[in-house]
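What follows is the content of start_14.cif, which has mmCIF, C-alpha atoms:
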data_start
loop_
_atom_site.group_PDB
_atom_site.id
_atom_site.type_symbol
_atom_site.label_atom_id
_atom_site.label_comp_id
_atom_site.auth_asym_id
_atom_site.auth_seq_id
_atom_site.Cartn_x
_atom_site.Cartn_y
_atom_site.Cartn_z
ATOM 1 C CA MET A 1 3.408 -19.226 -18.335
ATOM 2 C CA ARG A 2 4.225 -18.964 -14.645
ATOM 3 C CA THR A 3 7.828 -18.085 -15.446
ATOM 4 C CA VAL A 4 6.671 -15.138 -17.543
ATOM 5 C CA LEU A 5 4.544 -13.764 -14.692
ATOM 6 C CA VAL A 6 7.204 -14.050 -11.972
ATOM 7 C CA PRO A 7 8.823 -10.631 -12.675
ATOM 8 C CA PHE A 8 5.421 -8.931 -12.668
ATOM 9 C CA HIS A 9 4.484 -10.625 -9.396
ATOM 10 C CA ARG A 10 7.787 -9.549 -7.819
ATOM 11 C CA ALA A 11 7.307 -5.984 -9.070
ATOM 12 C CA TYR A 12 3.791 -5.974 -7.591
ATOM 13 C CA ARG A 13 5.052 -7.291 -4.240
ATOM 14 C CA GLY A 14 7.772 -4.619 -4.286
ATOM 15 C CA LEU A 15 5.190 -1.893 -4.887
ATOM 16 C CA VAL A 16 3.032 -3.208 -2.039
ATOM 17 C CA TRP A 17 6.059 -3.246 0.263
ATOM 18 C CA LEU A 18 6.996 0.270 -0.843
ATOM 19 C CA ALA A 19 3.442 1.563 -0.395
ATOM 20 C CA ASN A 20 3.280 0.205 3.154
ATOM 21 C CA SER A 21 6.543 1.842 4.178
ATOM 22 C CA PRO A 22 6.379 5.644 4.081
ATOM 23 C CA ARG A 23 10.033 5.885 5.061
ATOM 24 C CA MET A 24 11.103 3.755 2.088
ATOM 25 C CA LEU A 25 8.759 5.703 -0.178
ATOM 26 C CA ILE A 26 10.516 8.943 0.775
ATOM 27 C CA VAL A 27 13.912 7.267 0.326
ATOM 28 C CA ALA A 28 12.853 6.007 -3.124
ATOM 29 C CA TYR A 29 11.724 9.520 -4.070
ATOM 30 C CA GLY A 30 15.052 10.952 -2.916
ATOM 31 C CA ILE A 31 17.041 8.339 -4.815
ATOM 32 C CA LEU A 32 15.000 8.989 -7.955
ATOM 33 C CA ILE A 33 15.682 12.737 -7.657
ATOM 34 C CA LEU A 34 19.399 12.156 -7.054
ATOM 35 C CA ILE A 35 19.781 9.761 -9.985
ATOM 36 C CA CYS A 36 17.908 11.964 -12.443
ATOM 37 C CA GLY A 37 19.555 15.121 -11.115
ATOM 38 C CA SER A 38 22.986 13.511 -11.506
ATOM 39 C CA LEU A 39 22.290 12.271 -15.024
ATOM 40 C CA TYR A 40 20.806 15.535 -16.295
ATOM 41 C CA PRO A 41 24.169 17.410 -16.468
ATOM 42 C CA LEU A 42 25.602 14.492 -18.464
ATOM 43 C CA PHE A 43 22.912 14.892 -21.123
ATOM 44 C CA GLU A 44 22.783 18.684 -21.224
ATOM 45 C CA ASP A 45 25.579 21.219 -21.772
ATOM 46 C CA ASP A 46 26.420 23.942 -19.253
ATOM 47 C CA VAL A 47 24.255 22.513 -16.455
ATOM 48 C CA SER A 48 25.649 22.100 -12.928
ATOM 49 C CA PHE A 49 24.807 19.318 -10.491
ATOM 50 C CA GLY A 50 22.701 21.760 -8.452
ATOM 51 C CA ASP A 51 20.773 22.773 -11.549
ATOM 52 C CA GLY A 52 20.266 19.093 -12.338
ATOM 53 C CA ILE A 53 18.788 18.457 -8.880
ATOM 54 C CA TRP A 54 16.594 21.559 -9.212
ATOM 55 C CA TRP A 55 15.421 20.361 -12.636
ATOM 56 C CA ALA A 56 14.663 16.876 -11.222
ATOM 57 C CA VAL A 57 12.610 18.280 -8.330
ATOM 58 C CA VAL A 58 10.677 20.676 -10.562
ATOM 59 C CA THR A 59 10.085 17.955 -13.150
ATOM 60 C CA ALA A 60 9.159 15.247 -10.602
ATOM 61 C CA THR A 61 6.613 17.487 -8.936
ATOM 62 C CA THR A 62 5.274 18.423 -12.390
ATOM 63 C CA VAL A 63 5.578 22.116 -11.519
ATOM 64 C CA GLY A 64 7.559 22.794 -14.681
ATOM 65 C CA TYR A 65 8.752 26.375 -14.187
ATOM 66 C CA GLY A 66 10.497 26.242 -17.543
ATOM 67 C CA ASP A 67 13.652 27.910 -16.259
ATOM 68 C CA ILE A 68 15.548 24.704 -17.089
ATOM 69 C CA SER A 69 14.215 22.414 -19.771
ATOM 70 C CA PRO A 70 15.809 19.529 -21.634
ATOM 71 C CA GLU A 71 17.096 20.064 -25.166
ATOM 72 C CA SER A 72 18.641 16.659 -25.955
ATOM 73 C CA TRP A 73 16.632 13.526 -26.641
ATOM 74 C CA PRO A 74 18.210 11.507 -23.793
ATOM 75 C CA ALA A 75 17.313 14.280 -21.328
ATOM 76 C CA ARG A 76 13.780 14.523 -22.709
ATOM 77 C CA LEU A 77 13.383 10.747 -22.428
ATOM 78 C CA MET A 78 14.619 10.881 -18.833
ATOM 79 C CA ALA A 79 12.169 13.725 -18.123
ATOM 80 C CA ALA A 80 9.322 11.644 -19.569
ATOM 81 C CA LEU A 81 10.346 8.658 -17.423
ATOM 82 C CA LEU A 82 10.676 10.796 -14.301
ATOM 83 C CA ILE A 83 7.273 12.389 -14.784
ATOM 84 C CA SER A 84 5.683 9.019 -15.572
ATOM 85 C CA LEU A 85 7.226 7.351 -12.520
ATOM 86 C CA MET A 86 6.055 10.163 -10.282
ATOM 87 C CA VAL A 87 2.539 10.525 -11.691
ATOM 88 C CA LEU A 88 1.871 6.812 -12.200
ATOM 89 C CA GLY A 89 3.887 5.395 -9.323
ATOM 90 C CA VAL A 90 5.102 7.467 -6.417
ATOM 91 C CA VAL A 91 2.208 9.942 -6.046
ATOM 92 C CA PRO A 92 -0.481 7.203 -6.160
ATOM 93 C CA LEU A 93 1.483 5.148 -3.607
ATOM 94 C CA ILE A 94 1.706 8.128 -1.256
ATOM 95 C CA THR A 95 -1.996 8.875 -1.759
ATOM 96 C CA ALA A 96 -2.938 5.228 -1.178
ATOM 97 C CA HIS A 97 -0.878 5.098 1.999
ATOM 98 C CA PHE A 98 -2.499 8.196 3.486
ATOM 99 C CA ALA A 99 -5.975 7.110 2.352
ATOM 100 C CA SER A 100 -5.541 3.731 4.026
ATOM 101 C CA LYS A 101 -4.603 5.490 7.268
ATOM 102 C CA LEU A 102 -7.726 7.659 7.076
ATOM 103 C CA ILE A 103 -10.054 4.754 6.323
ATOM 104 C CA VAL A 104 -8.978 2.564 9.254
ATOM 105 C CA ASP A 105 -11.943 1.772 11.475
ATOM 106 C CA GLN A 106 -10.939 2.807 14.991
ATOM 107 C CA ASP A 107 -13.818 0.774 16.429
ATOM 108 C CA ALA A 108 -12.625 -2.498 14.878
ATOM 109 C CA PHE A 109 -11.580 -5.209 17.302
ATOM 110 C CA ARG A 110 -7.915 -6.087 17.561
ATOM 111 C CA HIS A 111 -6.894 -9.721 17.179
ATOM 112 C CA GLU A 112 -6.503 -10.173 20.945
ATOM 113 C CA GLU A 113 -9.982 -8.753 21.545
ATOM 114 C CA GLN A 114 -11.465 -11.087 18.931
ATOM 115 C CA GLU A 115 -9.794 -14.079 20.575
ATOM 116 C CA GLU A 116 -11.080 -13.000 23.997
ATOM 117 C CA LEU A 117 -14.635 -12.660 22.614
ATOM 118 C CA LYS A 118 -14.456 -16.110 21.026
ATOM 119 C CA ASN A 119 -13.249 -17.644 24.278
ATOM 120 C CA ASN A 120 -16.021 -15.887 26.214
ATOM 121 C CA LEU A 121 -18.632 -17.151 23.749
ATOM 122 C CA ARG A 122 -17.309 -20.699 24.116
ATOM 123 C CA LEU A 123 -17.583 -20.358 27.907
ATOM 124 C CA VAL A 124 -21.134 -18.969 27.659
ATOM 125 C CA ARG A 125 -22.093 -21.833 25.313
ATOM 126 C CA THR A 126 -20.672 -24.395 27.750
ATOM 127 C CA LEU A 127 -22.484 -22.809 30.698
ATOM 128 C CA LEU A 128 -25.723 -22.639 28.701
ATOM 129 C CA GLU A 129 -25.470 -26.326 27.823
ATOM 130 C CA GLU A 130 -24.780 -27.247 31.475
ATOM 131 C CA LEU A 131 -27.738 -25.135 32.638
ATOM 132 C CA ALA A 132 -30.006 -26.652 30.011
ATOM 133 C CA GLU A 133 -28.902 -30.157 30.974
ATOM 134 C CA ARG A 134 -29.757 -29.500 34.632
ATOM 135 C CA GLY A 135 -33.183 -28.164 33.683
ATOM 136 C CA GLY A 136 -33.870 -30.967 31.194
ATOM 137 C CA VAL A 137 -34.060 -28.556 28.262
ATOM 138 C CA THR A 138 -32.424 -29.289 24.942
ATOM 139 C CA VAL A 139 -30.331 -26.545 23.416
ATOM 140 C CA PRO A 140 -30.513 -26.336 19.641
ATOM 141 C CA ASP A 141 -27.113 -26.776 18.052
ATOM 142 C CA SER A 142 -26.019 -23.801 15.996
ATOM 143 C CA ALA A 143 -24.684 -26.189 13.341
ATOM 144 C CA ASP A 144 -28.119 -27.643 12.623
ATOM 145 C CA PRO A 145 -29.974 -26.134 9.674
ATOM 146 C CA PRO A 146 -33.044 -24.076 10.576
ATOM 147 C CA PRO A 147 -36.351 -25.923 10.383
ATOM 148 C CA ALA A 148 -38.340 -25.670 7.160
ATOM 149 C CA PRO A 149 -41.197 -23.175 7.350
ATOM 150 C CA SER A 150 -44.575 -24.795 7.972
ATOM 151 C CA GLY A 151 -47.329 -24.489 5.445
ATOM 152 C CA ARG A 152 -45.242 -25.202 2.367
#
Take the structure in the file and write it out as structure tokens.
Amino acid sequence: MRTVLVPFHRAYRGLVWLANSPRMLIVAYGILILICGSLYPLFEDDVSFGDGIWWAVVTATTVGYGDISPESWPARLMAALLISLMVLGVVPLITAHFASKLIVDQDAFRHEEQEELKNNLRLVRTLLEELAERGGVTVPDSADPPPAPSGR
């Protein structure tokens, strides 16, 4: 069963990597446009490379001017794949990337700050225990469970 899931896991990891790299996301978009724009003239008659790129951009952005539209089944299949990849893949990855940048809590502590706070708390705990020992006071250990409520 694990062997069957390996390709899906790798595809998922690839999407995560792609989503976290805006530069690679733009490169992937460009490559997708170039591939589809290069293939379009092979499937359609009397279409130049420039028209193929124009068709790919218009189709990928789902603008669909209609000035160039596929007539052959291979070109229509490629158009369906291009639209599906853009609408179900690239656009959501771009949206997710920008949303994650907007949601970041600017007040959150960085790792170094968290480590400094933990070290300071350890120092305060040690000083508190030393002070309590000098005064003959016992300090409750934070690992002990709280006492049961009285009257039950």
Check: What lies within 10 Å of range 44-55 of chain A using all atoms listed in the file, ignoring chain neighbours under 5 positions off, as a list of chain:residue names?
Finding: A:Ile33, A:Leu34, A:Ile35, A:Cys36, A:Gly37, A:Ser38, A:Leu39, A:Ala60, A:Thr61, A:Gly64, A:Tyr65, A:Gly66, A:Asp67, A:Ile68, A:Ser69, A:Pro70, A:Glu71, A:Ser72, A:Trp73, A:Pro74, A:Ala75, A:Ala79
Check: Which residue out of A:Phe43, A:Phe109, A:Trp17, A:Tyr29 has the minimum interatomic distance to Leu85 in chain A when only C-alpha atoms are used?
Finding: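 Of A:Phe43, A:Phe109, A:Trp17, A:Tyr29, the one nearest Leu85 in chain A is A:Tyr29, counting only C-alpha atoms.
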Margin query: Just to confirm, what's the straight-line distance from CA of Gln114 in chain A to CA of Thr126 in chain A in Å (one decimal)?
Written below: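 CA of Thr126 in chain A lies 18.4 Å from CA of Gln114 in chain A.
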Can you list what the PyMOL selection byres ((chain A and resi 25-27) around 12) grabs from this structure, as a compact mmCIF listing (two decimals) with C-alpha atoms, in the frame of the given file?
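Written out: part.txt:
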# COMPACT_ATOMS: atom_id res chain seq x y z
CA GLY A 14 7.77 -4.62 -4.29
CA LEU A 15 5.19 -1.89 -4.89
CA VAL A 16 3.03 -3.21 -2.04
CA TRP A 17 6.06 -3.25 0.26
CA LEU A 18 7.00 0.27 -0.84
CA ALA A 19 3.44 1.56 -0.40
CA ASN A 20 3.28 0.20 3.15
CA SER A 21 6.54 1.84 4.18
CA PRO A 22 6.38 5.64 4.08
CA ARG A 23 10.03 5.88 5.06
CA MET A 24 11.10 3.76 2.09
CA ALA A 28 12.85 6.01 -3.12
CA TYR A 29 11.72 9.52 -4.07
CA GLY A 30 15.05 10.95 -2.92
CA ILE A 31 17.04 8.34 -4.82
CA LEU A 32 15.00 8.99 -7.96
CA ILE A 33 15.68 12.74 -7.66
CA LEU A 34 19.40 12.16 -7.05
CA MET A 86 6.06 10.16 -10.28
CA GLY A 89 3.89 5.40 -9.32
CA VAL A 90 5.10 7.47 -6.42
CA VAL A 91 2.21 9.94 -6.05
CA PRO A 92 -0.48 7.20 -6.16
CA LEU A 93 1.48 5.15 -3.61
CA ILE A 94 1.71 8.13 -1.26
CA THR A 95 -2.00 8.88 -1.76
CA ALA A 96 -2.94 5.23 -1.18
CA HIS A 97 -0.88 5.10 2.00
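For the pair CA of Ala132 in chain A and CA of Asn119 in chain A, the separation is 19.9 Å.
For the atom pair formed by CA of Tyr40 in chain A and CA of Arg76 in chain A, the distance is 9.6 Å, given to one decimal.
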